[in-house]
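Data block for query.pdb (PDB, C-alpha atoms, pLDDT in the B column):
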ATOM      1  CA  MET M   1     116.035  99.845  92.594  1.00 44.00           C
ATOM      2  CA  ARG M   2     113.964 102.166  94.765  1.00 47.00           C
ATOM      3  CA  MET M   3     113.733 104.684  91.954  1.00 44.00           C
ATOM      4  CA  ALA M   4     112.383 102.034  89.602  1.00 47.00           C
ATOM      5  CA  ASN M   5     109.645 101.125  92.101  1.00 47.00           C
ATOM      6  CA  LEU M   6     108.712 104.768  92.541  1.00 44.00           C
ATOM      7  CA  LEU M   7     108.396 105.167  88.801  1.00 47.00           C
ATOM      8  CA  LYS M   8     106.196 102.072  88.459  1.00 49.00           C
ATOM      9  CA  ARG M   9     103.635 103.040  91.095  1.00 50.00           C
ATOM     10  CA  PRO M  10     102.099 106.055  89.360  1.00 52.00           C
ATOM     11  CA  ALA M  11     101.929 104.133  86.091  1.00 52.00           C
ATOM     12  CA  ALA M  12     100.187 101.234  87.821  1.00 51.00           C
ATOM     13  CA  ALA M  13      97.709 103.594  89.481  1.00 50.00           C
ATOM     14  CA  THR M  14      97.105 105.372  86.201  1.00 59.00           C
ATOM     15  CA  ASP M  15      96.739 102.058  84.372  1.00 66.00           C
ATOM     16  CA  TRP M  16      94.160 100.883  86.926  1.00 57.00           C
ATOM     17  CA  ARG M  17      92.173 104.099  86.576  1.00 64.00           C
ATOM     18  CA  PHE M  18      92.360 103.897  82.789  1.00 67.00           C
ATOM     19  CA  ARG M  19      91.119 100.280  82.778  1.00 66.00           C
ATOM     20  CA  ARG M  20      88.339 101.244  85.195  1.00 61.00           C
ATOM     21  CA  TRP M  21      87.362 104.094  82.860  1.00 63.00           C
ATOM     22  CA  LEU M  22      87.379 101.755  79.853  1.00 67.00           C
ATOM     23  CA  GLY M  23      85.157  99.250  81.677  1.00 64.00           C
ATOM     24  CA  ALA M  24      82.552 101.864  82.655  1.00 63.00           C
ATOM     25  CA  PRO M  25      80.230 101.227  79.670  1.00 67.00           C
ATOM     26  CA  ARG M  26      80.141  97.498  80.471  1.00 61.00           C
ATOM     27  CA  ARG M  27      79.361  98.194  84.155  1.00 57.00           C
ATOM     28  CA  LEU M  28      76.674 100.655  83.098  1.00 60.00           C
ATOM     29  CA  ALA M  29      75.134  98.073  80.754  1.00 58.00           C
ATOM     30  CA  ARG M  30      75.155  95.467  83.529  1.00 56.00           C
ATOM     31  CA  ARG M  31      73.273  97.924  85.690  1.00 59.00           C
ATOM     32  CA  ARG M  32      70.389  97.511  83.264  1.00 55.00           C
ATOM     33  CA  GLY M  33      70.746  93.712  83.301  1.00 59.00           C
ATOM     34  CA  PHE M  34      72.520  93.257  79.958  1.00 56.00           C
ATOM     35  CA  GLY M  35      75.062  90.435  80.000  1.00 64.00           C
ATOM     36  CA  ILE M  36      73.703  88.875  83.200  1.00 76.00           C
ATOM     37  CA  HIS M  37      72.564  85.318  82.549  1.00 70.00           C
ATOM     38  CA  SER M  38      71.587  84.209  86.041  1.00 82.00           C
ATOM     39  CA  PRO M  39      67.818  84.646  86.560  1.00 87.00           C
ATOM     40  CA  PHE M  40      68.263  85.595  90.220  1.00 89.00           C
ATOM     41  CA  ALA M  41      71.025  88.112  89.462  1.00 87.00           C
ATOM     42  CA  PHE M  42      69.049  89.666  86.600  1.00 87.00           C
ATOM     43  CA  ASP M  43      65.961  89.998  88.792  1.00 87.00           C
ATOM     44  CA  PHE M  44      68.010  91.408  91.695  1.00 90.00           C
ATOM     45  CA  VAL M  45      69.719  93.984  89.492  1.00 87.00           C
ATOM     46  CA  ARG M  46      66.475  95.058  87.825  1.00 84.00           C
ATOM     47  CA  ARG M  47      64.205  95.075  90.904  1.00 88.00           C
ATOM     48  CA  VAL M  48      66.589  96.104  93.695  1.00 91.00           C
ATOM     49  CA  ILE M  49      69.827  97.696  92.533  1.00 89.00           C
ATOM     50  CA  ASN M  50      68.491  99.646  89.556  1.00 86.00           C
ATOM     51  CA  GLN M  51      64.893 100.210  90.618  1.00 85.00           C
ATOM     52  CA  PRO M  52      63.546 103.081  88.495  1.00 82.00           C
ATOM     53  CA  CYS M  53      60.424 103.683  90.594  1.00 86.00           C
ATOM     54  CA  ARG M  54      60.284 105.951  93.624  1.00 88.00           C
ATOM     55  CA  TYR M  55      59.229 104.519  96.975  1.00 89.00           C
ATOM     56  CA  TYR M  56      57.042 106.193  99.560  1.00 90.00           C
ATOM     57  CA  CYS M  57      59.876 106.783 102.017  1.00 92.00           C
ATOM     58  CA  TYR M  58      62.441 108.366  99.671  1.00 93.00           C
ATOM     59  CA  PRO M  59      61.803 111.904 101.047  1.00 94.00           C
ATOM     60  CA  LEU M  60      62.424 110.592 104.590  1.00 94.00           C
ATOM     61  CA  LEU M  61      65.606 108.819 103.470  1.00 93.00           C
ATOM     62  CA  ASP M  62      66.783 111.959 101.657  1.00 93.00           C
ATOM     63  CA  GLU M  63      66.346 113.911 104.874  1.00 94.00           C
ATOM     64  CA  ALA M  64      68.279 111.227 106.783  1.00 92.00           C
ATOM     65  CA  ALA M  65      71.033 111.438 104.152  1.00 91.00           C
ATOM     66  CA  ARG M  66      71.299 115.210 104.614  1.00 93.00           C
ATOM     67  CA  ARG M  67      71.323 114.833 108.389  1.00 92.00           C
ATOM     68  CA  THR M  68      73.964 112.065 108.529  1.00 90.00           C
ATOM     69  CA  GLY M  69      76.123 112.802 105.482  1.00 88.00           C
ATOM     70  CA  ILE M  70      75.514 109.376 103.928  1.00 88.00           C
ATOM     71  CA  ARG M  71      74.863 109.352 100.189  1.00 89.00           C
ATOM     72  CA  ARG M  72      71.139 109.120  99.546  1.00 90.00           C
ATOM     73  CA  SER M  73      71.616 106.445  96.873  1.00 90.00           C
ATOM     74  CA  VAL M  74      73.284 104.199  99.462  1.00 91.00           C
ATOM     75  CA  LEU M  75      70.443 104.662 101.947  1.00 92.00           C
ATOM     76  CA  ARG M  76      67.924 103.943  99.225  1.00 93.00           C
ATOM     77  CA  LEU M  77      69.826 100.778  98.272  1.00 93.00           C
ATOM     78  CA  VAL M  78      69.890  99.565 101.887  1.00 93.00           C
ATOM     79  CA  PHE M  79      66.137 100.204 102.070  1.00 93.00           C
ATOM     80  CA  ARG M  80      65.447  98.258  98.855  1.00 94.00           C
ATOM     81  CA  VAL M  81      67.687  95.342  99.912  1.00 94.00           C
ATOM     82  CA  ALA M  82      65.944  95.082 103.293  1.00 92.00           C
ATOM     83  CA  LEU M  83      62.535  95.335 101.622  1.00 91.00           C
ATOM     84  CA  PHE M  84      63.418  92.642  99.067  1.00 92.00           C
ATOM     85  CA  PHE M  85      64.812  90.048 101.490  1.00 90.00           C
ATOM     86  CA  GLN M  86      62.780  90.825 104.651  1.00 89.00           C
ATOM     87  CA  PRO M  87      65.685  89.806 106.958  1.00 90.00           C
ATOM     88  CA  CYS M  88      65.058  88.242 110.352  1.00 85.00           C
ATOM     89  CA  ASP M  89      67.636  90.450 112.057  1.00 87.00           C
ATOM     90  CA  VAL M  90      69.730  93.401 110.946  1.00 89.00           C
ATOM     91  CA  ARG M  91      73.026  94.503 112.468  1.00 89.00           C
ATOM     92  CA  ILE M  92      74.715  97.755 111.530  1.00 89.00           C
ATOM     93  CA  PHE M  93      78.424  98.398 112.003  1.00 86.00           C
ATOM     94  CA  GLY M  94      79.164 102.103 111.795  1.00 79.00           C
ATOM     95  CA  ASP M  95      77.004 105.223 111.923  1.00 74.00           C
ATOM     96  CA  ALA M  96      73.660 103.560 112.560  1.00 76.00           C
ATOM     97  CA  ASP M  97      71.493 106.679 112.283  1.00 81.00           C
ATOM     98  CA  GLY M  98      70.734 106.828 108.559  1.00 85.00           C
ATOM     99  CA  TYR M  99      70.981 103.088 107.972  1.00 89.00           C
ATOM    100  CA  ASP M 100      68.642 102.430 110.883  1.00 89.00           C
ATOM    101  CA  ASP M 101      66.097 104.787 109.311  1.00 88.00           C
ATOM    102  CA  ALA M 102      66.329 102.889 106.001  1.00 90.00           C
ATOM    103  CA  VAL M 103      65.851  99.497 107.671  1.00 90.00           C
ATOM    104  CA  ARG M 104      63.011 100.749 109.877  1.00 89.00           C
ATOM    105  CA  GLU M 105      61.159 102.078 106.817  1.00 90.00           C
ATOM    106  CA  ALA M 106      61.631  98.756 105.005  1.00 90.00           C
ATOM    107  CA  LEU M 107      60.523  96.638 107.968  1.00 88.00           C
ATOM    108  CA  PRO M 108      57.893  98.682 109.860  1.00 83.00           C
ATOM    109  CA  ASP M 109      56.260  95.635 111.472  1.00 77.00           C
ATOM    110  CA  GLY M 110      59.503  94.057 112.589  1.00 71.00           C
ATOM    111  CA  CYS M 111      61.265  91.218 110.893  1.00 65.00           C
ATOM    112  CA  ASP M 112      60.179  88.017 109.278  1.00 62.00           C
ATOM    113  CA  ARG M 113      61.631  85.138 111.300  1.00 64.00           C
ATOM    114  CA  THR M 114      61.985  82.980 108.192  1.00 67.00           C
ATOM    115  CA  GLY M 115      64.170  85.463 106.294  1.00 69.00           C
ATOM    116  CA  PRO M 116      67.957  85.590 106.250  1.00 80.00           C
ATOM    117  CA  SER M 117      70.015  87.826 108.510  1.00 88.00           C
ATOM    118  CA  MET M 118      71.464  91.068 107.164  1.00 91.00           C
ATOM    119  CA  MET M 119      74.478  93.180 108.070  1.00 90.00           C
ATOM    120  CA  VAL M 120      75.304  96.703 106.981  1.00 90.00           C
ATOM    121  CA  VAL M 121      79.024  97.465 107.256  1.00 89.00           C
ATOM    122  CA  ALA M 122      79.711 101.198 107.251  1.00 84.00           C
ATOM    123  CA  GLN M 123      83.056 101.267 109.042  1.00 80.00           C
ATOM    124  CA  HIS M 124      86.289  99.310 109.108  1.00 76.00           C
ATOM    125  CA  VAL M 125      85.748  96.009 110.899  1.00 78.00           C
ATOM    126  CA  ASP M 126      88.342  93.597 112.200  1.00 78.00           C
ATOM    127  CA  GLY M 127      88.632  90.854 114.757  1.00 82.00           C
ATOM    128  CA  LYS M 128      85.325  89.759 116.286  1.00 84.00           C
ATOM    129  CA  MET M 129      83.222  92.093 114.111  1.00 87.00           C
ATOM    130  CA  LEU M 130      84.798  90.736 110.920  1.00 87.00           C
ATOM    131  CA  ASP M 131      84.177  87.189 112.165  1.00 89.00           C
ATOM    132  CA  ASP M 132      80.503  88.107 112.683  1.00 89.00           C
ATOM    133  CA  VAL M 133      80.269  89.512 109.143  1.00 89.00           C
ATOM    134  CA  LEU M 134      81.902  86.388 107.672  1.00 90.00           C
ATOM    135  CA  ALA M 135      79.611  84.129 109.720  1.00 89.00           C
ATOM    136  CA  CYS M 136      76.559  86.029 108.456  1.00 89.00           C
ATOM    137  CA  ALA M 137      77.758  85.674 104.862  1.00 90.00           C
ATOM    138  CA  ALA M 138      78.543  81.976 105.283  1.00 88.00           C
ATOM    139  CA  SER M 139      75.147  81.223 106.839  1.00 88.00           C
ATOM    140  CA  GLY M 140      73.250  82.550 103.834  1.00 89.00           C
ATOM    141  CA  GLY M 141      72.867  86.125 104.997  1.00 90.00           C
ATOM    142  CA  ILE M 142      73.001  89.434 103.193  1.00 91.00           C
ATOM    143  CA  VAL M 143      75.947  91.816 103.655  1.00 91.00           C
ATOM    144  CA  VAL M 144      75.829  95.418 102.428  1.00 91.00           C
ATOM    145  CA  ILE M 145      79.243  97.097 102.523  1.00 90.00           C
ATOM    146  CA  ALA M 146      79.204 100.882 102.117  1.00 87.00           C
ATOM    147  CA  GLY M 147      82.105 103.321 102.033  1.00 79.00           C
ATOM    148  CA  ARG M 148      85.049 103.775  99.721  1.00 74.00           C
ATOM    149  CA  LYS M 149      87.716 103.472 102.439  1.00 72.00           C
ATOM    150  CA  HIS M 150      86.873 100.037 103.829  1.00 66.00           C
ATOM    151  CA  LEU M 151      84.991  98.536 100.895  1.00 74.00           C
ATOM    152  CA  PRO M 152      87.985  96.751  99.325  1.00 80.00           C
ATOM    153  CA  ASP M 153      89.176  95.077 102.537  1.00 84.00           C
ATOM    154  CA  VAL M 154      85.822  93.880 103.861  1.00 88.00           C
ATOM    155  CA  ALA M 155      84.453  92.952 100.418  1.00 88.00           C
ATOM    156  CA  ARG M 156      87.606  90.980  99.626  1.00 89.00           C
ATOM    157  CA  ALA M 157      87.411  89.142 102.968  1.00 90.00           C
ATOM    158  CA  VAL M 158      83.756  88.248 102.388  1.00 91.00           C
ATOM    159  CA  TRP M 159      84.388  87.157  98.805  1.00 90.00           C
ATOM    160  CA  VAL M 160      87.490  85.068  99.570  1.00 91.00           C
ATOM    161  CA  ASN M 161      85.717  83.196 102.368  1.00 91.00           C
ATOM    162  CA  ALA M 162      82.520  82.604 100.381  1.00 89.00           C
ATOM    163  CA  ALA M 163      81.860  79.159  98.980  1.00 89.00           C
ATOM    164  CA  ARG M 164      78.490  80.138  97.453  1.00 91.00           C
ATOM    165  CA  GLY M 165      76.621  83.354  96.794  1.00 92.00           C
ATOM    166  CA  MET M 166      76.764  86.414  94.576  1.00 93.00           C
ATOM    167  CA  MET M 167      78.455  89.755  95.091  1.00 92.00           C
ATOM    168  CA  PHE M 168      77.302  92.881  93.311  1.00 91.00           C
ATOM    169  CA  ARG M 169      80.131  95.399  93.589  1.00 87.00           C
ATOM    170  CA  GLY M 170      80.166  99.079  92.658  1.00 82.00           C
ATOM    171  CA  SER M 171      82.723 101.789  93.272  1.00 79.00           C
ATOM    172  CA  ASP M 172      81.788 102.518  96.886  1.00 83.00           C
ATOM    173  CA  VAL M 173      79.099  99.992  97.801  1.00 90.00           C
ATOM    174  CA  ALA M 174      78.813  96.221  97.501  1.00 92.00           C
ATOM    175  CA  VAL M 175      75.995  93.784  98.216  1.00 93.00           C
ATOM    176  CA  TYR M 176      76.775  90.139  98.975  1.00 95.00           C
ATOM    177  CA  VAL M 177      73.899  87.647  98.850  1.00 94.00           C
ATOM    178  CA  GLY M 178      75.054  84.456 100.519  1.00 91.00           C
ATOM    179  CA  MET M 179      72.128  82.165  99.753  1.00 89.00           C
ATOM    180  CA  GLN M 180      73.350  78.609  99.400  1.00 87.00           C
ATOM    181  CA  HIS M 181      71.441  77.813  96.200  1.00 90.00           C
ATOM    182  CA  LEU M 182      73.291  80.569  94.312  1.00 91.00           C
ATOM    183  CA  PRO M 183      76.541  79.882  92.444  1.00 91.00           C
ATOM    184  CA  ARG M 184      79.640  81.830  93.371  1.00 92.00           C
ATOM    185  CA  GLN M 185      79.606  84.848  91.028  1.00 90.00           C
ATOM    186  CA  LEU M 186      80.962  88.382  91.149  1.00 89.00           C
ATOM    187  CA  PHE M 187      79.267  91.198  89.244  1.00 86.00           C
ATOM    188  CA  ASN M 188      81.030  94.531  88.775  1.00 82.00           C
ATOM    189  CA  ILE M 189      78.177  96.901  88.086  1.00 81.00           C
ATOM    190  CA  TRP M 190      77.376 100.563  88.302  1.00 73.00           C
ATOM    191  CA  ILE M 191      75.629 101.092  91.628  1.00 76.00           C
TER     192      ILE M 191
END
So, in terms of structure tokens, how does the structure I just supplied come out?
Amino acid sequence: MRMANLLKRPAAATDWRFRRWLGAPRRLARRRGFGIHSPFAFDFVRRVINQPCRYYCYPLLDEAARRTGIRRSVLRLVFRVALFFQPCDVRIFGDADGYDDAVREALPDGCDRTGPSMMVVAQHVDGKMLDDVLACAASGGIVVIAGRKHLPDVARAVWVNAARGMMFRGSDVAVYVGMQHLPRQLFNIWI
């Protein structure tokens, strides 16, 4: 019995990787907005996730990425998400150095008190911190989850507890937009 389980595991892992490889063209097409019918999701993917234009602070974020070891594409995404939503408060769980630079560049004059709250999760969270993340998501906030190790656990917890909102999930970063007017939808895209 144990031998049968040992033989099944590599096949299951290989099967998962093979299916992920086969789905790559669809995720890449969704990155451009193809196959996305929601107007908000299409706009968010085109203007925030897959923004082709360079912003003024990209050289500063690239330097922060080199200094902290965070991928520059993740820092740029956090910057664009903060710039798009103009959150009223931002909390960062994990190495705050690079993420703090991205948020500070997006919100130089402080925050807009009418915007949603935003959390950046860059480490494993549990207990009280996970409750804070889930409360932010449930109250219509924005949650950016970065990092391959803890992405599945935190993203799954946010998604399972969400009644409304959209999640845009890539291989090592996910963005959950918990606005109450949005339907509950999950988009696997190339981020």
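With atom CA of Leu107 of chain M on one side and atom CA of Tyr55 of chain M on the other, the separation reads 13.6 Å.
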Between atom CA of Ala106 of chain M and atom CA of Leu83 of chain M - distance in Å to one decimal: 4.9 Å
Would you pick out the contacts of Ala122 of chain M at 7 Å or less, using all atoms listed in the file, so that residues sharing its chain but fewer than 3 positions from it are not included, and give the list as a list of chain:residue names?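 Result of the neighbour search: M:Phe93, M:Gly94, M:Asp95, M:Ile145, M:Ala146, M:Gly147.
Interatomic distance, atom CA of Gly98 of chain M to atom CA of Ala64 of chain M: 5.3 Å.
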Return as JSON the box centre and box size in Å, one decimal, for an axis-aligned box around all listed atoms of segment 83-100 of chain M padded by 5 Å per side.
{"center_x": 70.8, "center_y": 97.5, "center_z": 105.8, "size_x": 26.6, "size_y": 28.6, "size_z": 23.5}
Shell of 10 Å around Ala41 of chain M, all atoms listed in the file, local chain residues under 6 positions omitted, as a PyMOL selection string: chain M and resi 33+47+166-168+177+182+185+187
For Ile189 of chain M, the nearest of the candidates M:Arg46, M:Phe40, M:His124, M:Gly141, counting only C-alpha atoms: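 Distance minimum relative to Ile189 of chain M lands on M:Arg46.
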Evaluate the PyMOL selection byres ((chain M and resi 49) around 8) against this structure - the residues, as a VMD selection string, please. chain M and resid 31 44 to 48 50 to 51 77 80 191
For Arg184 of chain M, work out the shell of residues within 12 Å, counting all atoms listed in the file and skipping chain neighbours fewer than 6 positions away, then give it as a ChimeraX atom specification. /M:38,41,138,158-168,176-178
Quick check on the file I pasted: which residues fall under the PyMOL selection byres ((chain M and resi 88) around 12)? Write them as a PyMOL selection string. chain M and resi 82-83+85-87+89-91+103+107+109-119+136+140-142
Shortest interatomic distance to Phe79 of chain M - which of M:Arg66, M:Arg104, M:Val133, M:Asp97, counting only C-alpha atoms: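 Of the candidates, the smallest distance to Phe79 of chain M is held by M:Arg104.
The point (88.8, 106.3, 101.1) has these residues within 12 Å of it when all atoms listed in the file are used: M:Gln123, M:His124, M:Ala146, M:Gly147, M:Arg148, M:Lys149, M:His150, M:Leu151, M:Pro152, M:Asp153, M:Ser171, M:Asp172.
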Residue with smallest distance to Ala65 of chain M - pool M:Val144, M:Ala102, M:Val175, M:Ala135, counting all atoms listed in the file: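 Comparing M:Val144, M:Ala102, M:Val175, M:Ala135 against Ala65 of chain M, the winner is M:Ala102.
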Could you add the missing atoms to segment 164-190 of chain M, up to N, CA, C and O atoms, and return them as a PDB file, in the coordinates of the input?
ATOM      1  N   ARG M 164      79.661  79.948  98.314  1.00 91.00           N
ATOM      2  CA  ARG M 164      78.490  80.138  97.453  1.00 91.00           C
ATOM      3  C   ARG M 164      78.057  81.588  97.567  1.00 91.00           C
ATOM      4  O   ARG M 164      78.479  82.303  98.457  1.00 91.00           O
ATOM      5  N   GLY M 165      77.193  82.023  96.696  1.00 92.00           N
ATOM      6  CA  GLY M 165      76.621  83.354  96.794  1.00 92.00           C
ATOM      7  C   GLY M 165      77.115  84.298  95.716  1.00 92.00           C
ATOM      8  O   GLY M 165      78.069  84.006  94.998  1.00 92.00           O
ATOM      9  N   MET M 166      76.448  85.424  95.607  1.00 93.00           N
ATOM     10  CA  MET M 166      76.764  86.414  94.576  1.00 93.00           C
ATOM     11  C   MET M 166      77.101  87.748  95.214  1.00 93.00           C
ATOM     12  O   MET M 166      76.475  88.143  96.195  1.00 93.00           O
ATOM     13  N   MET M 167      78.093  88.414  94.641  1.00 92.00           N
ATOM     14  CA  MET M 167      78.455  89.755  95.091  1.00 92.00           C
ATOM     15  C   MET M 167      78.240  90.727  93.945  1.00 92.00           C
ATOM     16  O   MET M 167      78.693  90.491  92.831  1.00 92.00           O
ATOM     17  N   PHE M 168      77.550  91.807  94.255  1.00 91.00           N
ATOM     18  CA  PHE M 168      77.302  92.881  93.311  1.00 91.00           C
ATOM     19  C   PHE M 168      78.113  94.070  93.817  1.00 91.00           C
ATOM     20  O   PHE M 168      77.792  94.647  94.854  1.00 91.00           O
ATOM     21  N   ARG M 169      79.168  94.421  93.095  1.00 87.00           N
ATOM     22  CA  ARG M 169      80.131  95.399  93.589  1.00 87.00           C
ATOM     23  C   ARG M 169      80.159  96.632  92.699  1.00 87.00           C
ATOM     24  O   ARG M 169      80.284  96.536  91.481  1.00 87.00           O
ATOM     25  N   GLY M 170      80.035  97.801  93.335  1.00 82.00           N
ATOM     26  CA  GLY M 170      80.166  99.079  92.658  1.00 82.00           C
ATOM     27  C   GLY M 170      81.422  99.779  93.136  1.00 82.00           C
ATOM     28  O   GLY M 170      82.293  99.170  93.749  1.00 82.00           O
ATOM     29  N   SER M 171      81.515 101.070  92.904  1.00 79.00           N
ATOM     30  CA  SER M 171      82.723 101.789  93.272  1.00 79.00           C
ATOM     31  C   SER M 171      82.818 102.048  94.773  1.00 79.00           C
ATOM     32  O   SER M 171      83.911 102.041  95.325  1.00 79.00           O
ATOM     33  N   ASP M 172      81.713 102.274  95.450  1.00 83.00           N
ATOM     34  CA  ASP M 172      81.788 102.518  96.886  1.00 83.00           C
ATOM     35  C   ASP M 172      80.708 101.790  97.691  1.00 83.00           C
ATOM     36  O   ASP M 172      80.474 102.098  98.845  1.00 83.00           O
ATOM     37  N   VAL M 173      80.074 100.820  97.084  1.00 90.00           N
ATOM     38  CA  VAL M 173      79.099  99.992  97.801  1.00 90.00           C
ATOM     39  C   VAL M 173      79.077  98.608  97.162  1.00 90.00           C
ATOM     40  O   VAL M 173      79.272  98.469  95.953  1.00 90.00           O
ATOM     41  N   ALA M 174      78.904  97.599  97.991  1.00 92.00           N
ATOM     42  CA  ALA M 174      78.813  96.221  97.501  1.00 92.00           C
ATOM     43  C   ALA M 174      77.713  95.506  98.273  1.00 92.00           C
ATOM     44  O   ALA M 174      77.481  95.783  99.453  1.00 92.00           O
ATOM     45  N   VAL M 175      77.045  94.597  97.592  1.00 93.00           N
ATOM     46  CA  VAL M 175      75.995  93.784  98.216  1.00 93.00           C
ATOM     47  C   VAL M 175      76.357  92.330  97.980  1.00 93.00           C
ATOM     48  O   VAL M 175      76.523  91.905  96.836  1.00 93.00           O
ATOM     49  N   TYR M 176      76.498  91.573  99.074  1.00 95.00           N
ATOM     50  CA  TYR M 176      76.775  90.139  98.975  1.00 95.00           C
ATOM     51  C   TYR M 176      75.525  89.386  99.411  1.00 95.00           C
ATOM     52  O   TYR M 176      74.987  89.625 100.487  1.00 95.00           O
ATOM     53  N   VAL M 177      75.058  88.490  98.554  1.00 94.00           N
ATOM     54  CA  VAL M 177      73.899  87.647  98.850  1.00 94.00           C
ATOM     55  C   VAL M 177      74.428  86.236  99.009  1.00 94.00           C
ATOM     56  O   VAL M 177      74.851  85.611  98.041  1.00 94.00           O
ATOM     57  N   GLY M 178      74.420  85.731 100.226  1.00 91.00           N
ATOM     58  CA  GLY M 178      75.054  84.456 100.519  1.00 91.00           C
ATOM     59  C   GLY M 178      74.133  83.254 100.507  1.00 91.00           C
ATOM     60  O   GLY M 178      74.428  82.261 101.155  1.00 91.00           O
ATOM     61  N   MET M 179      73.050  83.300  99.789  1.00 89.00           N
ATOM     62  CA  MET M 179      72.128  82.165  99.753  1.00 89.00           C
ATOM     63  C   MET M 179      72.819  80.943  99.151  1.00 89.00           C
ATOM     64  O   MET M 179      73.507  81.055  98.137  1.00 89.00           O
ATOM     65  N   GLN M 180      72.596  79.812  99.762  1.00 87.00           N
ATOM     66  CA  GLN M 180      73.350  78.609  99.400  1.00 87.00           C
ATOM     67  C   GLN M 180      72.973  78.040  98.044  1.00 87.00           C
ATOM     68  O   GLN M 180      73.753  77.303  97.450  1.00 87.00           O
ATOM     69  N   HIS M 181      71.821  78.346  97.512  1.00 90.00           N
ATOM     70  CA  HIS M 181      71.441  77.813  96.200  1.00 90.00           C
ATOM     71  C   HIS M 181      72.051  78.614  95.049  1.00 90.00           C
ATOM     72  O   HIS M 181      71.941  78.207  93.899  1.00 90.00           O
ATOM     73  N   LEU M 182      72.696  79.735  95.358  1.00 91.00           N
ATOM     74  CA  LEU M 182      73.291  80.569  94.312  1.00 91.00           C
ATOM     75  C   LEU M 182      74.729  80.133  94.019  1.00 91.00           C
ATOM     76  O   LEU M 182      75.474  79.795  94.937  1.00 91.00           O
ATOM     77  N   PRO M 183      75.145  80.161  92.756  1.00 91.00           N
ATOM     78  CA  PRO M 183      76.541  79.882  92.444  1.00 91.00           C
ATOM     79  C   PRO M 183      77.422  81.052  92.874  1.00 91.00           C
ATOM     80  O   PRO M 183      76.931  82.160  93.102  1.00 91.00           O
ATOM     81  N   ARG M 184      78.695  80.783  92.975  1.00 92.00           N
ATOM     82  CA  ARG M 184      79.640  81.830  93.371  1.00 92.00           C
ATOM     83  C   ARG M 184      79.950  82.702  92.157  1.00 92.00           C
ATOM     84  O   ARG M 184      80.635  82.275  91.237  1.00 92.00           O
ATOM     85  N   GLN M 185      79.407  83.933  92.139  1.00 90.00           N
ATOM     86  CA  GLN M 185      79.606  84.848  91.028  1.00 90.00           C
ATOM     87  C   GLN M 185      79.819  86.260  91.542  1.00 90.00           C
ATOM     88  O   GLN M 185      79.216  86.665  92.537  1.00 90.00           O
ATOM     89  N   LEU M 186      80.667  86.991  90.825  1.00 89.00           N
ATOM     90  CA  LEU M 186      80.962  88.382  91.149  1.00 89.00           C
ATOM     91  C   LEU M 186      80.530  89.253  89.979  1.00 89.00           C
ATOM     92  O   LEU M 186      80.890  88.976  88.837  1.00 89.00           O
ATOM     93  N   PHE M 187      79.741  90.281  90.281  1.00 86.00           N
ATOM     94  CA  PHE M 187      79.267  91.198  89.244  1.00 86.00           C
ATOM     95  C   PHE M 187      79.794  92.591  89.556  1.00 86.00           C
ATOM     96  O   PHE M 187      79.469  93.161  90.599  1.00 86.00           O
ATOM     97  N   ASN M 188      80.614  93.141  88.668  1.00 82.00           N
ATOM     98  CA  ASN M 188      81.030  94.531  88.775  1.00 82.00           C
ATOM     99  C   ASN M 188      80.011  95.360  88.006  1.00 82.00           C
ATOM    100  O   ASN M 188      79.945  95.276  86.790  1.00 82.00           O
ATOM    101  N   ILE M 189      79.227  96.122  88.732  1.00 81.00           N
ATOM    102  CA  ILE M 189      78.177  96.901  88.086  1.00 81.00           C
ATOM    103  C   ILE M 189      78.220  98.334  88.578  1.00 81.00           C
ATOM    104  O   ILE M 189      78.899  98.660  89.555  1.00 81.00           O
ATOM    105  N   TRP M 190      77.486  99.160  87.936  1.00 73.00           N
ATOM    106  CA  TRP M 190      77.376 100.563  88.302  1.00 73.00           C
ATOM    107  C   TRP M 190      76.260 100.694  89.322  1.00 73.00           C
ATOM    108  O   TRP M 190      75.100 100.571  88.995  1.00 73.00           O
TER     109      TRP M 190
END
